[in-house]
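What follows is the content of protein_25.cif (mmCIF, C-alpha atoms and all ligand atoms).
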```
data_start
loop_
_atom_site.label_atom_id
_atom_site.label_comp_id
_atom_site.auth_asym_id
_atom_site.auth_seq_id
_atom_site.Cartn_x
_atom_site.Cartn_y
_atom_site.Cartn_z
CA MET A 28 32.72 -173.79 -4.09
CA PHE A 29 30.91 -171.29 -1.88
CA GLN A 30 31.50 -168.06 -3.73
CA HIS A 31 27.88 -167.86 -4.77
CA VAL A 32 26.72 -167.98 -1.15
CA GLU A 33 25.02 -164.73 -0.27
CA PHE A 34 26.57 -162.56 2.43
CA TYR A 35 24.55 -162.48 5.68
CA PRO A 36 24.61 -158.94 7.05
CA GLY A 37 23.55 -160.16 10.51
CA ASP A 38 20.32 -159.97 12.47
CA PRO A 39 19.06 -156.46 13.31
CA ILE A 40 18.41 -157.44 16.93
CA LEU A 41 20.90 -160.21 17.81
CA GLY A 42 23.63 -158.49 15.76
CA LEU A 43 23.10 -155.38 17.87
CA MET A 44 23.76 -157.42 21.01
CA GLU A 45 27.09 -158.60 19.56
CA LYS A 46 28.02 -155.01 18.76
CA TYR A 47 27.04 -153.86 22.25
CA ASN A 48 29.16 -156.59 23.86
CA GLN A 49 32.18 -155.47 21.85
CA ASP A 50 31.78 -151.77 22.71
CA PRO A 51 34.55 -150.82 25.19
CA ARG A 52 32.81 -147.62 26.46
CA SER A 53 31.93 -147.98 30.15
CA GLU A 54 28.83 -145.75 29.90
CA LYS A 55 27.21 -148.05 27.30
CA VAL A 56 23.50 -148.90 27.65
CA ASN A 57 21.73 -151.85 26.03
CA LEU A 58 18.16 -150.97 25.03
CA GLY A 59 18.20 -153.34 22.05
CA VAL A 60 17.29 -156.98 22.55
CA GLY A 61 14.03 -157.89 24.32
CA VAL A 62 15.60 -159.18 27.51
CA TYR A 63 14.69 -158.14 31.05
CA TYR A 64 17.55 -156.73 33.12
CA ASP A 65 17.00 -155.93 36.80
CA GLY A 66 17.55 -152.62 38.61
CA GLU A 67 21.29 -153.36 38.69
CA GLY A 68 21.41 -154.06 34.97
CA ARG A 69 21.84 -157.81 35.53
CA LEU A 70 20.05 -160.71 33.90
CA PRO A 71 18.10 -162.18 36.83
CA VAL A 72 17.84 -165.81 37.88
CA LEU A 73 14.35 -165.98 39.40
CA GLU A 74 14.09 -167.28 42.99
CA CYS A 75 11.55 -169.93 41.96
CA VAL A 76 13.99 -171.13 39.29
CA LYS A 77 16.85 -171.29 41.81
CA THR A 78 14.74 -173.52 44.07
CA VAL A 79 14.04 -175.96 41.25
CA GLU A 80 17.64 -175.86 40.00
CA ARG A 81 18.92 -176.74 43.50
CA ALA A 82 16.55 -179.70 43.75
CA LEU A 83 17.58 -180.87 40.27
CA ALA A 84 21.27 -180.60 41.15
CA GLU A 85 20.79 -182.64 44.32
CA THR A 86 19.21 -185.53 42.47
CA PRO A 87 20.72 -185.61 38.99
CA ARG A 88 18.38 -187.40 36.63
CA PRO A 89 19.14 -189.65 33.68
CA ARG A 90 18.91 -187.69 30.43
CA GLY A 91 17.04 -189.89 28.00
CA TYR A 92 15.40 -188.47 24.89
CA LEU A 93 12.20 -186.62 25.64
CA PRO A 94 9.16 -187.48 23.52
CA MET A 95 9.06 -185.52 20.24
CA GLU A 96 6.21 -183.40 21.63
CA GLY A 97 7.76 -182.88 25.10
CA THR A 98 6.49 -184.33 28.40
CA PRO A 99 2.82 -184.37 29.47
CA ALA A 100 3.59 -182.20 32.53
CA TYR A 101 5.29 -179.49 30.46
CA ARG A 102 2.54 -179.49 27.86
CA ALA A 103 -0.14 -179.30 30.57
CA ALA A 104 1.70 -176.32 32.10
CA CYS A 105 1.58 -174.49 28.75
CA GLN A 106 -2.12 -175.21 28.38
CA LYS A 107 -2.97 -174.15 31.92
CA LEU A 108 -1.23 -170.83 31.51
CA LEU A 109 -2.64 -170.01 28.08
CA PHE A 110 -6.16 -171.40 28.21
CA GLY A 111 -6.84 -172.11 31.90
CA ALA A 112 -6.96 -175.66 33.27
CA ASP A 113 -10.77 -175.59 33.34
CA ASN A 114 -11.18 -174.49 29.75
CA PRO A 115 -13.63 -176.91 28.09
CA ALA A 116 -11.31 -177.18 25.07
CA VAL A 117 -8.49 -178.35 27.37
CA LYS A 118 -10.74 -180.75 29.28
CA GLU A 119 -12.13 -182.24 26.07
CA GLY A 120 -8.63 -182.76 24.61
CA ARG A 121 -9.28 -180.37 21.71
CA ILE A 122 -5.94 -178.57 21.99
CA ALA A 123 -2.79 -180.09 20.52
CA THR A 124 0.28 -178.78 22.39
CA ILE A 125 3.96 -179.50 21.96
CA GLN A 126 7.07 -178.25 23.76
CA SER A 127 9.09 -176.12 21.35
CA LEU A 128 12.52 -174.51 21.00
CA GLY A 129 11.41 -171.15 22.35
CA GLY A 130 8.77 -169.02 20.67
CA SER A 131 10.75 -169.00 17.41
CA GLY A 132 10.73 -172.81 17.29
CA ALA A 133 6.98 -172.82 17.85
CA LEU A 134 6.47 -170.34 15.01
CA ARG A 135 8.57 -172.43 12.65
CA VAL A 136 6.87 -175.74 13.46
CA GLY A 137 3.46 -174.06 13.15
CA ALA A 138 4.48 -172.43 9.86
CA ASP A 139 5.69 -175.77 8.44
CA PHE A 140 2.45 -177.43 9.49
CA ILE A 141 0.22 -174.77 7.87
CA ARG A 142 2.34 -174.66 4.72
CA GLU A 143 1.94 -178.42 4.31
CA TRP A 144 -1.79 -178.72 5.04
CA PHE A 145 -3.01 -175.34 3.74
CA PRO A 146 -0.61 -174.76 0.83
CA GLN A 147 -2.68 -171.92 -0.68
CA ALA A 148 -2.55 -169.86 2.49
CA LYS A 149 -0.75 -166.52 2.52
CA CYS A 150 0.64 -165.09 5.71
CA TYR A 151 0.18 -161.54 7.00
CA VAL A 152 2.07 -159.78 9.77
CA SER A 153 1.36 -156.47 11.46
CA ASN A 154 3.04 -153.36 10.07
CA PRO A 155 5.48 -153.20 11.81
CA THR A 156 6.26 -156.51 13.50
CA TRP A 157 9.14 -158.47 15.03
CA GLY A 158 11.47 -158.98 12.05
CA ASN A 159 11.82 -162.70 12.65
CA HIS A 160 8.11 -163.27 11.96
CA VAL A 161 8.77 -162.44 8.33
CA SER A 162 11.99 -164.49 8.17
CA ILE A 163 10.43 -167.56 9.78
CA PHE A 164 7.34 -167.63 7.56
CA GLU A 165 9.29 -166.82 4.41
CA GLY A 166 11.76 -169.52 5.43
CA ALA A 167 8.84 -171.96 5.58
CA GLY A 168 7.88 -171.01 2.01
CA PHE A 169 5.14 -168.45 2.64
CA GLU A 170 4.50 -165.27 0.78
CA VAL A 171 4.35 -162.75 3.64
CA GLY A 172 2.30 -159.56 3.42
CA LYS A 173 1.61 -156.79 5.94
CA TYR A 174 -1.64 -155.68 7.52
CA PRO A 175 -2.12 -152.09 8.75
CA TYR A 176 -1.45 -151.78 12.47
CA TYR A 177 0.58 -148.94 13.96
CA ASP A 178 -0.47 -145.36 13.43
CA PRO A 179 2.41 -142.94 14.12
CA ALA A 180 0.00 -139.99 13.99
CA THR A 181 -1.98 -141.20 17.01
CA ILE A 182 0.65 -143.57 18.47
CA GLY A 183 -2.23 -146.04 18.40
CA VAL A 184 -3.71 -148.66 16.09
CA LYS A 185 -5.12 -148.07 12.59
CA PHE A 186 -8.12 -150.09 13.63
CA GLN A 187 -10.53 -149.26 10.82
CA GLU A 188 -7.88 -149.93 8.16
CA MET A 189 -6.94 -153.14 9.90
CA LYS A 190 -10.54 -154.39 9.85
CA ASP A 191 -11.03 -153.34 6.23
CA PHE A 192 -7.86 -155.19 5.28
CA PHE A 193 -8.85 -158.40 7.09
CA ARG A 194 -12.11 -158.36 5.12
CA THR A 195 -10.16 -158.56 1.83
CA LEU A 196 -8.34 -161.79 2.76
CA ASN A 197 -9.04 -165.32 1.56
CA GLU A 198 -10.16 -168.35 3.52
CA ASN A 199 -7.32 -169.94 5.55
CA ASP A 200 -4.98 -166.99 5.16
CA VAL A 201 -2.80 -166.74 8.25
CA LEU A 202 -2.64 -163.67 10.50
CA ILE A 203 0.24 -163.34 12.92
CA LEU A 204 -1.19 -161.51 15.94
CA HIS A 205 0.31 -160.26 19.20
CA PRO A 206 -2.15 -160.93 22.09
CA CYS A 207 -0.24 -158.53 24.39
CA CYS A 208 2.91 -156.38 24.53
CA HIS A 209 3.09 -155.81 20.78
CA ASN A 210 6.63 -156.17 19.51
CA PRO A 211 8.03 -153.63 18.50
CA THR A 212 5.47 -150.88 19.28
CA GLY A 213 4.12 -151.70 22.75
CA VAL A 214 0.70 -150.63 21.39
CA ASP A 215 -1.99 -153.22 22.10
CA LEU A 216 -5.60 -153.74 21.06
CA THR A 217 -8.39 -153.29 23.59
CA ARG A 218 -10.74 -156.15 24.50
CA GLU A 219 -13.51 -154.55 22.44
CA GLN A 220 -11.19 -154.34 19.44
CA TRP A 221 -10.19 -157.99 19.87
CA ASP A 222 -13.85 -159.01 19.98
CA GLU A 223 -14.53 -157.18 16.74
CA LEU A 224 -11.44 -158.52 14.97
CA LEU A 225 -12.00 -162.10 16.05
CA GLY A 226 -15.55 -161.81 14.72
CA ILE A 227 -14.16 -160.85 11.30
CA ILE A 228 -11.56 -163.63 11.47
CA LYS A 229 -14.35 -166.11 12.14
CA GLU A 230 -16.59 -164.76 9.41
CA LYS A 231 -13.77 -164.76 6.82
CA LYS A 232 -12.48 -168.18 8.01
CA LEU A 233 -8.94 -166.91 8.55
CA ILE A 234 -6.31 -168.68 10.67
CA PRO A 235 -5.20 -166.60 13.68
CA PHE A 236 -1.63 -167.36 14.79
CA MET A 237 -1.08 -165.66 18.13
CA ASP A 238 2.48 -165.16 19.22
CA ILE A 239 2.73 -164.52 22.95
CA ALA A 240 6.23 -164.08 24.34
CA TYR A 241 5.49 -161.61 27.16
CA GLN A 242 2.62 -163.09 29.17
CA GLY A 243 2.43 -161.31 32.53
CA PHE A 244 4.27 -158.16 31.43
CA ALA A 245 1.24 -156.10 30.30
CA ASP A 246 -1.49 -156.47 32.96
CA ASP A 247 -1.42 -159.94 34.54
CA MET A 248 -1.25 -163.62 33.58
CA GLU A 249 -4.98 -163.96 32.92
CA SER A 250 -5.74 -160.59 31.30
CA ASP A 251 -2.80 -160.89 28.92
CA VAL A 252 -4.33 -163.98 27.28
CA TYR A 253 -7.77 -162.46 26.79
CA ALA A 254 -7.50 -162.70 22.98
CA VAL A 255 -6.26 -166.30 23.08
CA ARG A 256 -9.12 -167.48 25.29
CA ARG A 257 -11.71 -165.53 23.36
CA ALA A 258 -10.50 -167.10 20.08
CA VAL A 259 -10.89 -170.58 21.60
CA GLU A 260 -14.31 -169.66 22.94
CA LEU A 261 -15.38 -168.61 19.44
CA GLY A 262 -14.23 -172.00 18.10
CA LEU A 263 -11.46 -170.51 15.95
CA PRO A 264 -8.60 -172.76 14.81
CA VAL A 265 -6.12 -170.63 16.71
CA PHE A 266 -2.38 -171.41 16.73
CA VAL A 267 -0.51 -170.10 19.77
CA SER A 268 3.26 -169.85 20.03
CA SER A 269 4.29 -169.19 23.62
CA SER A 270 7.55 -168.72 25.42
CA PHE A 271 9.00 -168.92 28.94
CA SER A 272 12.16 -167.08 27.86
CA LYS A 273 11.12 -163.73 29.31
CA ASN A 274 8.72 -164.55 32.11
CA LEU A 275 10.96 -167.26 33.59
CA SER A 276 14.17 -165.50 32.51
CA LEU A 277 15.25 -168.74 30.84
CA TYR A 278 16.27 -167.32 27.46
CA GLY A 279 19.09 -169.75 26.70
CA GLU A 280 17.12 -172.85 27.64
CA ARG A 281 14.84 -172.38 24.61
CA VAL A 282 11.61 -173.15 26.45
CA GLY A 283 8.45 -172.57 24.47
CA GLY A 284 5.28 -174.20 23.31
CA LEU A 285 3.01 -174.49 20.29
CA SER A 286 -0.71 -175.08 20.80
CA VAL A 287 -3.37 -175.56 18.16
CA ALA A 288 -7.04 -175.36 19.12
CA CYS A 289 -9.06 -177.87 17.08
CA PRO A 290 -12.79 -178.47 16.62
CA SER A 291 -12.61 -182.01 18.07
CA ALA A 292 -10.33 -184.28 20.09
CA GLU A 293 -10.04 -186.50 17.04
CA GLU A 294 -8.66 -183.66 14.91
CA ALA A 295 -6.36 -182.60 17.76
CA LYS A 296 -4.81 -186.09 17.62
CA LEU A 297 -4.21 -185.76 13.88
CA VAL A 298 -2.68 -182.31 14.33
CA LEU A 299 -0.48 -183.48 17.22
CA GLY A 300 0.76 -186.38 15.09
CA GLN A 301 1.84 -184.05 12.30
CA LEU A 302 3.45 -181.61 14.73
CA LYS A 303 5.47 -184.53 16.13
CA PHE A 304 6.52 -185.53 12.63
CA THR A 305 7.57 -181.93 11.91
CA VAL A 306 9.66 -181.88 15.09
CA ARG A 307 11.22 -185.26 14.24
CA ARG A 308 12.43 -184.11 10.88
CA ILE A 309 13.86 -180.81 12.10
CA TYR A 310 15.43 -181.65 15.50
CA SER A 311 13.87 -184.92 16.75
CA SER A 312 12.98 -183.92 20.30
CA PRO A 313 13.25 -180.98 22.70
CA PRO A 314 15.95 -180.53 25.35
CA SER A 315 15.31 -181.82 28.86
CA HIS A 316 16.84 -179.33 31.31
CA GLY A 317 14.59 -176.36 30.55
CA ASN A 318 11.70 -178.78 30.49
CA ALA A 319 12.49 -179.88 34.07
CA VAL A 320 12.77 -176.30 35.33
CA VAL A 321 9.47 -175.21 33.74
CA ASP A 322 7.75 -178.34 35.05
CA GLY A 323 9.19 -177.76 38.55
CA VAL A 324 7.92 -174.17 38.79
CA MET A 325 4.63 -174.41 36.92
CA ASN A 326 3.38 -177.62 38.47
CA ASN A 327 4.07 -176.68 42.11
CA GLU A 328 1.43 -174.43 43.63
CA ASP A 329 3.76 -172.47 45.92
CA LEU A 330 6.45 -171.97 43.32
CA PHE A 331 3.83 -170.95 40.77
CA LYS A 332 2.56 -168.23 43.11
CA GLN A 333 6.10 -167.09 43.83
CA TRP A 334 6.78 -166.99 40.09
CA GLU A 335 3.73 -164.81 39.38
CA GLY A 336 4.96 -162.39 42.04
CA GLU A 337 8.42 -162.29 40.47
CA VAL A 338 6.97 -161.58 37.02
CA TYR A 339 4.85 -158.75 38.44
CA GLU A 340 7.96 -157.26 40.05
CA MET A 341 9.62 -157.18 36.62
CA ARG A 342 6.47 -155.68 35.10
CA ASP A 343 6.29 -152.99 37.80
CA ARG A 344 9.95 -152.05 37.46
CA ILE A 345 9.45 -151.56 33.71
CA ARG A 346 6.37 -149.41 34.40
CA ALA A 347 8.34 -147.30 36.88
CA MET A 348 11.07 -146.75 34.28
CA ARG A 349 8.45 -145.70 31.73
CA SER A 350 7.09 -143.06 34.12
CA ARG A 351 10.55 -141.80 35.04
CA LEU A 352 11.61 -141.45 31.41
CA GLN A 353 8.40 -139.64 30.55
CA GLU A 354 8.87 -137.28 33.49
CA VAL A 355 12.52 -136.49 32.86
CA LEU A 356 12.06 -136.06 29.09
CA SER A 357 8.98 -133.85 29.49
CA ALA A 358 11.07 -131.53 31.64
CA LYS A 359 14.02 -131.57 29.26
CA VAL A 360 12.10 -131.22 25.98
CA PRO A 361 9.17 -128.91 26.72
CA GLY A 362 6.33 -128.75 24.21
CA ARG A 363 6.67 -132.39 23.17
CA ASP A 364 4.21 -135.03 24.40
CA PHE A 365 5.92 -138.09 25.86
CA GLY A 366 2.68 -139.59 27.20
CA TYR A 367 3.14 -142.59 24.94
CA PHE A 368 5.90 -143.99 27.15
CA THR A 369 3.35 -144.88 29.82
CA LYS A 370 0.54 -145.85 27.45
CA GLN A 371 2.60 -148.50 25.67
CA ARG A 372 2.79 -151.88 27.38
CA GLY A 373 5.36 -154.58 27.95
CA MET A 374 9.08 -154.42 27.41
CA PHE A 375 9.06 -152.25 24.31
CA SER A 376 8.47 -148.65 23.49
CA PHE A 377 8.35 -147.32 19.97
CA THR A 378 10.14 -144.04 20.61
CA GLY A 379 9.50 -142.38 17.28
CA LEU A 380 13.26 -141.78 16.93
CA SER A 381 14.46 -141.95 13.32
CA PRO A 382 17.17 -144.40 12.17
CA GLU A 383 19.55 -141.41 12.02
CA GLN A 384 18.77 -140.43 15.61
CA VAL A 385 19.21 -144.06 16.73
CA GLU A 386 22.57 -144.14 14.97
CA ARG A 387 23.64 -140.95 16.74
CA LEU A 388 22.68 -142.47 20.08
CA GLN A 389 24.92 -145.43 19.35
CA LYS A 390 27.88 -143.48 17.97
CA GLU A 391 27.91 -140.53 20.35
CA PHE A 392 26.41 -141.99 23.53
CA ALA A 393 26.95 -145.80 23.32
CA ILE A 394 23.18 -146.31 23.64
CA TYR A 395 22.01 -149.29 21.63
CA MET A 396 18.48 -149.48 20.18
CA VAL A 397 16.94 -151.22 17.17
CA SER A 398 17.11 -148.90 14.13
CA ASN A 399 13.30 -148.72 13.81
CA GLY A 400 13.29 -146.74 17.07
CA ARG A 401 12.30 -149.64 19.33
CA MET A 402 13.63 -149.35 22.84
CA CYS A 403 13.69 -152.18 25.36
CA VAL A 404 12.56 -150.30 28.48
CA ALA A 405 13.84 -153.14 30.69
CA GLY A 406 17.39 -152.00 29.91
CA LEU A 407 16.78 -148.77 31.87
CA ASN A 408 17.63 -148.48 35.56
CA GLU A 409 18.19 -145.78 38.21
CA LYS A 410 21.84 -145.52 37.24
CA ASN A 411 21.45 -144.96 33.51
CA ILE A 412 18.03 -143.30 33.12
CA ASP A 413 19.24 -139.70 33.41
CA TYR A 414 22.09 -140.40 31.02
CA VAL A 415 19.63 -141.92 28.51
CA ALA A 416 17.11 -139.09 28.91
CA ASN A 417 19.85 -136.50 28.34
CA ALA A 418 21.03 -138.29 25.23
CA PHE A 419 17.45 -138.58 23.89
CA ALA A 420 16.92 -134.86 24.52
CA GLU A 421 20.17 -134.12 22.69
CA VAL A 422 19.24 -136.06 19.53
CA LEU A 423 15.68 -134.69 19.59
CA LYS A 424 16.90 -131.06 19.55
C1 LIG A 501 13.41 -159.28 20.71
O1 LIG A 501 12.46 -158.95 20.00
O2 LIG A 501 14.35 -158.52 20.96
C2 LIG A 501 13.42 -160.64 21.33
O3 LIG A 501 12.28 -161.33 21.00
C3 LIG A 501 14.67 -161.39 21.07
C4 LIG A 501 14.81 -161.84 19.65
O4 LIG A 501 15.02 -163.04 19.45
O5 LIG A 501 14.73 -161.04 18.72
#
```
Can you give me the file's structure in the form of structure tokens?
Amino acid sequence: MFQHVEFYPGDPILGLMEKYNQDPRSEKVNLGVGVYYDGEGRLPVLECVKTVERALAETPRPRGYLPMEGTPAYRAACQKLLFGADNPAVKEGRIATIQSLGGSGALRVGADFIREWFPQAKCYVSNPTWGNHVSIFEGAGFEVGKYPYYDPATIGVKFQEMKDFFRTLNENDVLILHPCCHNPTGVDLTREQWDELLGIIKEKKLIPFMDIAYQGFADDMESDVYAVRRAVELGLPVFVSSSFSKNLSLYGERVGGLSVACPSAEEAKLVLGQLKFTVRRIYSSPPSHGNAVVDGVMNNEDLFKQWEGEVYEMRDRIRAMRSRLQEVLSAKVPGRDFGYFTKQRGMFSFTGLSPEQVERLQKEFAIYMVSNGRMCVAGLNEKNIDYVANAFAEVLK
């Protein structure tokens, strides 16, 4: 019956986590999945989350179905964070927002929507990108192409090629963009570059789909959404998939959002209706616990401030690890420039290690990284950094 079913070799990122968990070696280090671990190597429960969880436990609430689109308070929290509560587009009701099953769920619902209403559209992702971008959009029926992005020669962006490529695209083609903390490279565009690109996107009538899973990890909450707000300001029909997985350390709760900026409130209603219908036919409605935690933190002024502080602590610890690794490696491997570790932003660093070197790290040193050379810097801490630096130096010899 099922002999024709194709073998699934596993996911390059989540499969790595399974392998890491099964590794019996005590010195093992997980630099694979994009998850923040604290200085002790533990997955943190944020203090602001604990406060809300305690209050929720004290007064258990009935668990009815949430609306297909999530609750108004949750959706308002997403909008406030991404666009700013005073954004005219928010005030005028021009943004359709739903609660989603993490960032991945938002991408899928958005992809289904675009596929249905813009069936000619092709989708383009950065070269390279997070592997699941391709899977999600192909899964929704898109033909997925790549646009030039990372330049290994400069450890920067192939900006001219990127612009030239965008100019060749057709109306309503979809561009998956990373507003901050590019996954997997950690190499971001500058504000000036965003301004230029968004101008081309407007001129060519393309659809920007901005995937933001690391808000707060590059510079700060506001600066990290520069591209999102600028796109709205320019009147672009921008789709934004957002996630609280990383910045609230709520990975397993699947807390995300999808927002679509529309030209009018009337169109936003139409879009919201179709997003609800898409949700209904995939999973009906979102889960309520994560919703309550996000609502509790984001819609309470004190807890919101505390949360921002906690995110910045995570950001700063990652930055400190970047500097340490750069310092230790520069001493161990003289003549090689490791400056990129501190130039790249967010959780990831594209190390430039080859798949063979990554494999050696796993086999000989129990250090787990994605085979494209992506390292999750948040897996480093004071206890393992020298061990990792030594191992890197060894495979770079
Ligand atoms: C990652 O890139 O490692 C994270 O976004 C987790 C995932 O789902 O792949």
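Near A:Asn327, within 12 Å and counting all atoms listed in the file, sit Cys75, Val76, Thr78, Val79, Ala100, Ala104, Val320, Val321, Gln333 and Trp334 of chain A; same-chain residues fewer than 6 positions away were not included.
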For A:Val117, please output as a PDB file with C-alpha atoms, in the coordinates of the input all residues within 10 Å (counting only C-alpha atoms; exclusion window: fewer than 2 positions along the same chain).
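Final output, selection33.pdb:
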```
ATOM      1  CA  ALA A 103      -0.140-179.300  30.570  1.00  0.00           C
ATOM      2  CA  GLN A 106      -2.120-175.210  28.380  1.00  0.00           C
ATOM      3  CA  LYS A 107      -2.970-174.150  31.920  1.00  0.00           C
ATOM      4  CA  PHE A 110      -6.160-171.400  28.210  1.00  0.00           C
ATOM      5  CA  GLY A 111      -6.840-172.110  31.900  1.00  0.00           C
ATOM      6  CA  ALA A 112      -6.960-175.660  33.270  1.00  0.00           C
ATOM      7  CA  ASP A 113     -10.770-175.590  33.340  1.00  0.00           C
ATOM      8  CA  ASN A 114     -11.180-174.490  29.750  1.00  0.00           C
ATOM      9  CA  PRO A 115     -13.630-176.910  28.090  1.00  0.00           C
ATOM     10  CA  GLU A 119     -12.130-182.240  26.070  1.00  0.00           C
ATOM     11  CA  GLY A 120      -8.630-182.760  24.610  1.00  0.00           C
ATOM     12  CA  ARG A 121      -9.280-180.370  21.710  1.00  0.00           C
ATOM     13  CA  ILE A 122      -5.940-178.570  21.990  1.00  0.00           C
ATOM     14  CA  ALA A 123      -2.790-180.090  20.520  1.00  0.00           C
ATOM     15  CA  VAL A 259     -10.890-170.580  21.600  1.00  0.00           C
ATOM     16  CA  ALA A 288      -7.040-175.360  19.120  1.00  0.00           C
ATOM     17  CA  ALA A 292     -10.330-184.280  20.090  1.00  0.00           C
TER      18      ALA A 292
END
```
Exercise for review: Identify, on the basis of only C-alpha atoms, every residue whose closest approach to A:Asn274 does not exceed 9 Å; exclude the query and any residue fewer than 2 positions from it along the same chain; express the result as number ranges by chain.
Suggested key: A: 63, 240-244, 270-272, 276-277, 334-335, 337-338, 341
Practice item. Could you report the residues within 10 Å of ligand LIG 501 (chain A), using only C-alpha atoms and all ligand atoms, as a VMD selection string? Key: chain A and resid 38 to 44 58 to 62 129 to 131 156 to 160 209 to 211 240 to 241 270 272 to 273 278 374 to 375 396 to 397 401 to 403
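With all atoms listed in the file as the atoms that count, the minimum distance from A:Trp144 to the choices A:Asn48, A:Ser312, A:Thr124, A:Gln301 is reached by A:Gln301.
Considering the residues A:Ile412, A:Ile239, A:Cys207, A:Leu380 and counting all atoms listed in the file, A:Ala133 has its shortest atom-to-atom contact with A:Ile239.
For the pair atom CA of A:Glu328 and atom CA of A:Leu108, the interatomic distance is 12.9 Å.
The shortest atom-to-atom distance to A:Arg307, with only C-alpha atoms taken into account, belongs to A:Tyr92 out of A:Tyr92, A:Phe164, A:Phe34, A:Tyr339.
A straight line drawn from atom CA of A:Phe304 to atom CA of A:Cys105 is 20.2 Å long.
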**Study point:** Length of the atom CA of A:Phe392 to atom CA of A:Tyr35 vector [Å]
**Key:** 27.2 Å
**Study point:** Close residues, stretch 346-361 of chain A itself excluded, 7 Å, all atoms listed in the file, min 2 positions apart in chain, as number ranges by chain
**Key:** A: 342-344, 363, 365-366, 368-369, 404, 407-408, 412, 416, 420
Could you write out the selected residues, including C-alpha atoms, as an mmCIF file, in the coordinates of the input?
```cif
data_model
loop_
_atom_site.group_PDB
_atom_site.id
_atom_site.type_symbol
_atom_site.label_atom_id
_atom_site.label_comp_id
_atom_site.auth_asym_id
_atom_site.auth_seq_id
_atom_site.Cartn_x
_atom_site.Cartn_y
_atom_site.Cartn_z
ATOM 1 C CA ARG A 342 6.470 -155.680 35.100
ATOM 2 C CA ASP A 343 6.290 -152.990 37.800
ATOM 3 C CA ARG A 344 9.950 -152.050 37.460
ATOM 4 C CA ARG A 363 6.670 -132.390 23.170
ATOM 5 C CA PHE A 365 5.920 -138.090 25.860
ATOM 6 C CA GLY A 366 2.680 -139.590 27.200
ATOM 7 C CA PHE A 368 5.900 -143.990 27.150
ATOM 8 C CA THR A 369 3.350 -144.880 29.820
ATOM 9 C CA VAL A 404 12.560 -150.300 28.480
ATOM 10 C CA LEU A 407 16.780 -148.770 31.870
ATOM 11 C CA ASN A 408 17.630 -148.480 35.560
ATOM 12 C CA ILE A 412 18.030 -143.300 33.120
ATOM 13 C CA ALA A 416 17.110 -139.090 28.910
ATOM 14 C CA ALA A 420 16.920 -134.860 24.520
#
```
Please give the centre and size of the box around stretch 205-214 of chain A (axis-aligned, containing every atom listed in the file, 4 Å added per side), with values in Å to one decimal and written as lines of an AutoDock Vina configuration file.
```
center_x = 2.9
center_y = -155.8
center_z = 21.5
size_x = 18.2
size_y = 18.3
size_z = 14.0
```
Review point. From the set A:Asn199, A:Lys424, A:Phe419, A:Lys190, which residue has the shortest atom-to-atom contact distance to A:Gly362, counting only C-alpha atoms?
Key: A:Lys424
Repaired coordinates for stretch 193-203 of chain A (N, CA and C atoms) as a PDB file, keeping the file's coordinate frame:
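Output below, filename selection.pdb:
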```
ATOM      1  N   PHE A 193      -8.518-156.996   6.765  1.00  0.00           N
ATOM      2  CA  PHE A 193      -8.850-158.400   7.090  1.00  0.00           C
ATOM      3  C   PHE A 193     -10.003-158.896   6.209  1.00  0.00           C
ATOM      4  N   ARG A 194     -10.925-157.970   5.903  1.00  0.00           N
ATOM      5  CA  ARG A 194     -12.110-158.360   5.120  1.00  0.00           C
ATOM      6  C   ARG A 194     -11.752-158.699   3.668  1.00  0.00           C
ATOM      7  N   THR A 195     -10.549-158.279   3.231  1.00  0.00           N
ATOM      8  CA  THR A 195     -10.160-158.560   1.830  1.00  0.00           C
ATOM      9  C   THR A 195      -9.444-159.912   1.691  1.00  0.00           C
ATOM     10  N   LEU A 196      -9.177-160.577   2.822  1.00  0.00           N
ATOM     11  CA  LEU A 196      -8.340-161.790   2.760  1.00  0.00           C
ATOM     12  C   LEU A 196      -9.139-163.029   2.374  1.00  0.00           C
ATOM     13  N   ASN A 197      -8.400-164.081   1.997  1.00  0.00           N
ATOM     14  CA  ASN A 197      -9.040-165.320   1.560  1.00  0.00           C
ATOM     15  C   ASN A 197      -9.072-166.357   2.676  1.00  0.00           C
ATOM     16  N   GLU A 198     -10.005-167.283   2.526  1.00  0.00           N
ATOM     17  CA  GLU A 198     -10.160-168.350   3.520  1.00  0.00           C
ATOM     18  C   GLU A 198      -8.799-169.014   3.801  1.00  0.00           C
ATOM     19  N   ASN A 199      -8.538-169.280   5.074  1.00  0.00           N
ATOM     20  CA  ASN A 199      -7.320-169.940   5.550  1.00  0.00           C
ATOM     21  C   ASN A 199      -6.045-169.105   5.446  1.00  0.00           C
ATOM     22  N   ASP A 200      -6.164-167.833   5.066  1.00  0.00           N
ATOM     23  CA  ASP A 200      -4.980-166.990   5.160  1.00  0.00           C
ATOM     24  C   ASP A 200      -4.605-166.859   6.639  1.00  0.00           C
ATOM     25  N   VAL A 201      -3.309-166.716   6.870  1.00  0.00           N
ATOM     26  CA  VAL A 201      -2.800-166.740   8.250  1.00  0.00           C
ATOM     27  C   VAL A 201      -2.482-165.322   8.716  1.00  0.00           C
ATOM     28  N   LEU A 202      -2.937-164.989   9.921  1.00  0.00           N
ATOM     29  CA  LEU A 202      -2.640-163.670  10.500  1.00  0.00           C
ATOM     30  C   LEU A 202      -1.777-163.853  11.736  1.00  0.00           C
ATOM     31  N   ILE A 203      -0.591-163.284  11.714  1.00  0.00           N
ATOM     32  CA  ILE A 203       0.240-163.340  12.920  1.00  0.00           C
ATOM     33  C   ILE A 203      -0.197-162.175  13.818  1.00  0.00           C
TER      34      ILE A 203
END
```
